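Asks: File name structure30.cif; file contents mmCIF, C-alpha atoms; full text below.
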```cif
data_target
#
loop_
_atom_site.label_atom_id
_atom_site.label_comp_id
_atom_site.auth_asym_id
_atom_site.auth_seq_id
_atom_site.Cartn_x
_atom_site.Cartn_y
_atom_site.Cartn_z
CA ARG A 11 -10.47 -47.40 -41.33
CA SER A 12 -10.97 -43.89 -40.06
CA SER A 13 -13.96 -44.80 -37.90
CA LYS A 14 -12.15 -47.87 -36.53
CA ALA A 15 -9.12 -45.74 -35.62
CA LEU A 16 -11.36 -43.23 -33.82
CA LEU A 17 -13.06 -46.05 -31.93
CA ILE A 18 -9.70 -47.45 -30.76
CA ARG A 19 -8.63 -44.00 -29.54
CA GLU A 20 -11.85 -43.44 -27.64
CA GLN A 21 -11.78 -46.90 -26.05
CA ASN A 22 -8.21 -46.31 -24.83
CA ASN A 23 -8.79 -42.68 -23.74
CA ILE A 24 -6.28 -41.37 -26.29
CA THR A 25 -6.62 -37.64 -26.84
CA TRP A 26 -6.78 -36.60 -30.49
CA PHE A 27 -7.39 -33.38 -32.39
CA VAL A 28 -8.70 -32.54 -35.82
CA THR A 29 -6.09 -29.88 -36.60
CA PRO A 30 -2.55 -29.02 -35.42
CA GLY A 31 -3.80 -25.62 -34.28
CA ARG A 32 -6.24 -27.18 -31.83
CA THR A 33 -3.46 -29.43 -30.56
CA VAL A 34 -1.28 -26.41 -29.76
CA THR A 35 -4.19 -24.60 -28.09
CA ALA A 36 -4.94 -27.62 -25.89
CA ALA A 37 -1.27 -28.02 -24.95
CA GLY A 38 -1.12 -24.34 -23.99
CA ALA A 39 -4.24 -24.66 -21.83
CA LEU A 40 -2.78 -27.73 -20.11
CA ALA A 41 0.49 -25.90 -19.39
CA ASP A 42 -1.41 -22.89 -18.02
CA PHE A 43 -3.51 -25.18 -15.83
CA ALA A 44 -0.38 -26.86 -14.43
CA THR A 45 1.17 -23.46 -13.66
CA ARG A 46 -1.93 -22.29 -11.84
CA ARG A 47 -2.06 -25.51 -9.84
CA GLU A 48 1.49 -24.89 -8.67
CA ILE A 49 0.64 -21.29 -7.70
CA LEU A 50 -2.43 -22.51 -5.79
CA ALA A 51 -0.38 -25.14 -3.93
CA ARG A 52 2.20 -22.53 -2.89
CA SER A 53 -0.49 -20.07 -1.81
CA ARG A 54 -2.12 -22.72 0.39
CA GLU A 55 1.22 -23.40 2.08
CA THR A 56 1.62 -19.73 3.03
CA ALA A 57 -2.05 -18.86 3.56
CA GLY A 58 -1.71 -19.06 7.33
CA SER A 59 0.73 -16.16 7.37
CA ARG A 60 -1.53 -13.90 5.27
CA PHE A 61 -5.03 -14.55 6.54
CA ARG A 62 -6.24 -14.62 10.09
CA LYS A 63 -8.72 -17.32 10.96
CA ILE A 64 -11.95 -16.13 12.51
CA ASN A 65 -14.45 -18.22 14.45
CA LEU A 66 -17.77 -17.48 12.76
CA ASP A 67 -21.13 -17.96 14.40
CA LEU A 68 -22.85 -19.79 11.55
CA PRO A 69 -26.18 -21.63 11.63
CA ASN A 70 -26.10 -25.42 11.71
CA GLY A 71 -26.34 -27.17 8.37
CA ALA A 72 -25.58 -26.03 4.85
CA GLY A 73 -27.62 -23.41 3.07
CA ALA A 74 -27.77 -19.79 2.01
CA LEU A 75 -27.57 -16.86 4.40
CA GLY A 76 -29.59 -13.69 4.28
CA GLU A 77 -28.01 -10.39 3.30
CA HIS A 78 -27.63 -9.12 6.87
CA ALA A 79 -26.01 -12.33 8.13
CA SER A 80 -23.68 -12.42 5.11
CA LYS A 81 -22.59 -8.84 5.69
CA ARG A 82 -21.68 -9.60 9.30
CA ILE A 83 -19.26 -12.25 8.02
CA VAL A 84 -17.81 -9.87 5.45
CA SER A 85 -17.43 -7.14 8.09
CA SER A 86 -15.59 -9.51 10.42
CA TYR A 87 -12.85 -9.72 7.79
CA GLY A 88 -12.49 -5.93 7.69
CA ILE A 89 -14.50 -5.29 4.52
CA ARG A 90 -16.76 -2.28 4.95
CA THR A 91 -20.45 -2.69 4.16
CA VAL A 92 -23.35 -0.28 3.95
CA ASP A 93 -24.78 0.87 7.29
CA GLU A 94 -28.03 -0.91 8.09
CA ARG A 95 -30.35 -2.04 10.87
CA LEU A 96 -32.50 -5.15 11.00
CA PHE A 97 -36.00 -4.73 12.45
CA SER A 98 -38.91 -7.06 13.01
CA PRO A 99 -42.21 -6.00 11.40
CA GLU A 100 -43.49 -5.05 14.88
CA GLU A 101 -40.44 -2.85 15.50
CA ILE A 102 -40.96 -1.14 12.15
CA ALA A 103 -44.56 -0.34 13.06
CA GLY A 104 -43.45 1.17 16.37
CA LEU A 105 -40.59 3.32 15.03
CA SER A 106 -40.72 6.98 16.07
CA GLN A 107 -37.74 7.95 13.93
CA CYS A 108 -35.60 6.45 11.17
CA PRO A 109 -32.11 5.24 12.18
CA PHE A 110 -30.60 6.95 9.10
CA GLU A 111 -31.12 10.14 7.15
CA PHE A 112 -33.69 9.93 4.38
CA PRO A 113 -33.79 8.71 1.68
CA VAL A 114 -33.25 5.10 2.78
CA VAL A 115 -33.62 1.63 1.28
CA ILE A 116 -35.74 -1.14 2.76
CA LYS A 117 -35.44 -4.86 2.01
CA VAL A 118 -36.93 -8.10 3.20
CA GLU A 119 -34.29 -10.15 5.02
CA SER A 120 -34.70 -13.76 3.93
CA PRO A 121 -32.19 -16.51 3.12
CA HIS A 122 -34.73 -17.93 0.66
CA ILE A 123 -35.09 -14.79 -1.49
CA PRO A 124 -31.64 -13.88 -2.82
CA HIS A 125 -32.99 -11.86 -5.78
CA LYS A 126 -35.18 -9.32 -4.04
CA THR A 127 -36.06 -7.10 -7.00
CA GLU A 128 -37.94 -9.78 -8.92
CA ALA A 129 -39.79 -10.70 -5.71
CA GLY A 130 -40.84 -7.10 -5.05
CA ALA A 131 -38.97 -7.37 -1.73
CA VAL A 132 -36.98 -4.13 -1.96
CA MET A 133 -37.87 -0.44 -2.15
CA THR A 134 -35.52 2.49 -2.69
CA GLY A 135 -35.93 6.22 -2.23
CA ILE A 136 -37.97 6.04 1.00
CA ARG A 137 -38.25 9.67 2.16
CA SER A 138 -40.44 9.61 5.26
CA LEU A 139 -41.33 7.48 8.26
CA SER A 140 -44.83 6.86 6.94
CA GLU A 141 -43.40 5.69 3.60
CA LEU A 142 -41.04 3.39 5.48
CA LYS A 143 -43.84 1.76 7.48
CA SER A 144 -46.23 1.35 4.56
CA GLY A 145 -43.39 0.20 2.29
CA ALA A 146 -42.28 -2.44 4.79
CA ALA A 147 -45.77 -3.93 4.91
CA LYS A 148 -45.91 -3.90 1.11
CA ILE A 149 -42.61 -5.70 0.52
CA ILE A 150 -43.39 -8.33 3.16
CA ALA A 151 -46.68 -9.06 1.38
CA SER A 152 -44.86 -9.21 -1.98
CA ALA A 153 -42.23 -11.58 -0.60
CA ARG A 154 -44.88 -13.91 0.82
CA ALA A 155 -46.81 -13.84 -2.45
CA TYR A 156 -43.59 -14.59 -4.36
CA GLN A 157 -42.56 -17.51 -2.10
CA SER A 158 -45.05 -18.45 0.58
CA ASP A 159 -42.70 -20.81 2.44
CA ALA A 160 -39.78 -18.35 2.60
CA THR A 161 -38.44 -17.54 6.06
CA ILE A 162 -38.71 -13.78 6.68
CA GLU A 163 -36.26 -12.69 9.36
CA GLY A 164 -37.20 -9.02 9.32
CA ILE A 165 -36.84 -5.78 7.42
CA LEU A 166 -33.46 -4.24 6.61
CA VAL A 167 -33.32 -0.45 6.72
CA GLN A 168 -30.21 0.79 4.93
CA GLU A 169 -28.55 4.08 4.17
CA THR A 170 -28.64 5.06 0.51
CA CYS A 171 -25.34 4.77 -1.36
CA THR A 172 -24.49 5.96 -4.85
CA GLY A 173 -21.95 4.77 -7.39
CA MET A 174 -21.39 1.87 -9.76
CA GLU A 175 -22.84 -1.44 -8.60
CA LEU A 176 -20.65 -4.50 -9.05
CA ILE A 177 -21.10 -8.17 -8.30
CA LEU A 178 -18.13 -9.90 -6.66
CA GLY A 179 -18.05 -13.52 -5.62
CA ALA A 180 -15.79 -16.49 -5.05
CA VAL A 181 -16.07 -20.24 -4.95
CA VAL A 182 -13.59 -23.05 -4.32
CA ASP A 183 -13.82 -25.23 -7.41
CA ASP A 184 -12.91 -28.92 -7.01
CA SER A 185 -10.56 -28.80 -10.00
CA PHE A 186 -9.34 -25.21 -10.25
CA GLY A 187 -9.32 -24.09 -6.61
CA PRO A 188 -10.45 -20.54 -5.74
CA VAL A 189 -12.32 -18.90 -8.62
CA VAL A 190 -13.31 -15.21 -8.52
CA VAL A 191 -16.21 -13.63 -10.42
CA LEU A 192 -16.56 -9.89 -11.08
CA GLY A 193 -19.12 -8.06 -13.15
CA LEU A 194 -21.92 -5.55 -13.45
CA GLY A 195 -24.12 -5.80 -10.37
CA GLY A 196 -27.47 -4.69 -9.01
CA ILE A 197 -30.55 -5.50 -11.08
CA TYR A 198 -28.34 -6.04 -14.15
CA ALA A 199 -26.40 -8.97 -12.68
CA GLN A 200 -28.98 -11.51 -13.86
CA ILE A 201 -30.32 -9.59 -16.87
CA MET A 202 -27.04 -8.88 -18.67
CA ASP A 203 -24.80 -11.56 -17.15
CA ASP A 204 -21.81 -9.29 -17.87
CA VAL A 205 -19.26 -11.07 -15.69
CA THR A 206 -15.74 -12.39 -15.93
CA ARG A 207 -14.31 -15.35 -14.05
CA ARG A 208 -10.66 -15.78 -13.10
CA VAL A 209 -8.70 -18.45 -11.28
CA ALA A 210 -7.14 -16.95 -8.13
CA PRO A 211 -4.69 -15.49 -7.38
CA VAL A 212 -5.52 -12.68 -9.79
#
```
Rewrite the structure of this file - the entire thing - as structure tokens.
Replies:
Amino acid sequence: RSSKALLIREQNNITWFVTPGRTVTAAGALADFATRREILARSRETAGSRFRKINLDLPNGAGALGEHASKRIVSSYGIRTVDERLFSPEEIAGLSQCPFEFPVVIKVESPHIPHKTEAGAVMTGIRSLSELKSGAAKIIASARAYQSDATIEGILVQETCTGMELILGAVVDDSFGPVVVLGLGGIYAQIMDDVTRRVAPV
């Protein structure tokens, strides 16, 4: 009888729970979801008064952007980013002085290599022009060895910043709307996966 009853429930999409406690937990989650949906709907109605729309010069077609291109979008919304300059390999070879005070950071700019550390496509603590030039050649070679078909758009030379590194991201989920992620960043973002996700607004 029990198995027949379960089969009838499943065939008719009837929700059932093993214990009363799980029933209460599910009801609470459903109520919280409904509340957040209402908040999201209200925020979309008033979004025009809070956020200015910006015409962004984006490449045609979907796909990832490199770090430099992504930062230009972030900067256009008034969020400060680290000072940096993008150079071609030829420009790096011809540099007579560094655009920033040493030490600096150099990275390969490529939309196809989002995780630069594991590709050997980043170097920190560069303290001289000769180190910068030799380091740039080294990380380009490492990037090409890591992914031969990756598009390399140049070398980023960045000022060195100190402090705690965090990862911050957002995505518009089909069911939950805007979802924000925050956690430990830098090289630990993938290793430790110490992140929390929250449905916006939060």
Asks: Which protein, DNA or RNA residues have an atom at most 10 Å from (-24.6, -0.7, 4.6), counting all atoms listed in the file? List them as a PyMOL selection string.
Replies: chain A and resi 78+81+90-95+115+166-171
Asks: Padding 6 Å on each side, edges along x, y and z: where is the centre of the box around the listed atoms of range 44-51 of chain A, and how long are its edges in Å to one decimal? Output it as AutoDock Vina command-line options.
Replies:
```
--center_x -0.5 --center_y -24.1 --center_z -9.2 --size_x 15.9 --size_y 17.6 --size_z 22.5
```
Asks: Can you translate the PyMOL selection byres ((chain A and resi 156-159) around 9) into the concrete residues it hits in this file, as a VMD selection string?
Replies: chain A and resid 122 to 123 128 to 131 151 to 155 160 to 161
Asks: Just C-alpha atoms for this one: save the residues we selected as a compact mmCIF listing (two decimals), in the frame of the given file.
Replies:
```txt
# COMPACT_ATOMS: atom_id res chain seq x y z
CA HIS A 122 -34.73 -17.93 0.66
CA ILE A 123 -35.09 -14.79 -1.49
CA GLU A 128 -37.94 -9.78 -8.92
CA ALA A 129 -39.79 -10.70 -5.71
CA GLY A 130 -40.84 -7.10 -5.05
CA ALA A 131 -38.97 -7.37 -1.73
CA ALA A 151 -46.68 -9.06 1.38
CA SER A 152 -44.86 -9.21 -1.98
CA ALA A 153 -42.23 -11.58 -0.60
CA ARG A 154 -44.88 -13.91 0.82
CA ALA A 155 -46.81 -13.84 -2.45
CA ALA A 160 -39.78 -18.35 2.60
CA THR A 161 -38.44 -17.54 6.06
```
Asks: Would you work out the distance separating CA of Ala180 in chain A from CA of Thr35 in chain A, expressed in Å to one decimal?
Replies: 27.0 Å
Asks: Nearest to Tyr87 in chain A among A:Ala37, A:Val205, A:Val212, A:Leu66, with distances taken over only C-alpha atoms: which residue is it?
Replies: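 Distance minimum relative to Tyr87 in chain A lands on A:Leu66.
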Asks: Ranking A:Lys148, A:Ser106, A:Pro188, A:Glu20 by minimum distance to Ala51 in chain A and counting all atoms listed in the file, which one comes first?
Replies: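 Ranking A:Lys148, A:Ser106, A:Pro188, A:Glu20 by distance to Ala51 in chain A, first place goes to A:Pro188.
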Asks: Ranking A:Met133, A:Ile89, A:Leu142, A:Ile64 by minimum distance to Gly104 in chain A and counting all atoms listed in the file, which one comes first?
Replies: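 That would be A:Leu142, the residue with the smallest distance to Gly104 in chain A.
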Asks: What does the distance from CA of Asp42 in chain A to CA of Val182 in chain A come to in Å, to one decimal?
Replies: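 One can read the CA of Asp42 in chain A to CA of Val182 in chain A distance as 18.3 Å.
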Asks: I need the residue nearest Gly187 in chain A from this list: A:Ala39, A:Ala199, A:Leu50, A:Ile83. Use all atoms listed in the file for the distance.
Replies: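 Ranking A:Ala39, A:Ala199, A:Leu50, A:Ile83 by distance to Gly187 in chain A, first place goes to A:Leu50.
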Asks: Which polymer residues, protein or nucleic acid, are no farther than 12 Å from (1.3, -20.2, -10.3), counting only C-alpha atoms, as a PyMOL selection string?
Replies: chain A and resi 41-54+186-187+209-212
Asks: Nearest to Leu192 in chain A: which of A:Thr134, A:Ser98, A:Thr206, A:Ser85 is it, counting all atoms listed in the file?
Replies: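 Closest to Leu192 in chain A, using all atoms listed in the file: A:Thr206.
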Asks: CA of Pro99 in chain A to CA of Gly164 in chain A: how many Å, to one decimal?
Replies: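 For CA of Pro99 in chain A relative to CA of Gly164 in chain A, the distance reads 6.2 Å.
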Asks: Running the PyMOL selection byres ((chain A and resi 174) around 9) on this model by hand, what would come out? Give it as a ChimeraX atom specification.
Replies: /A:172-173,175-176,194-196
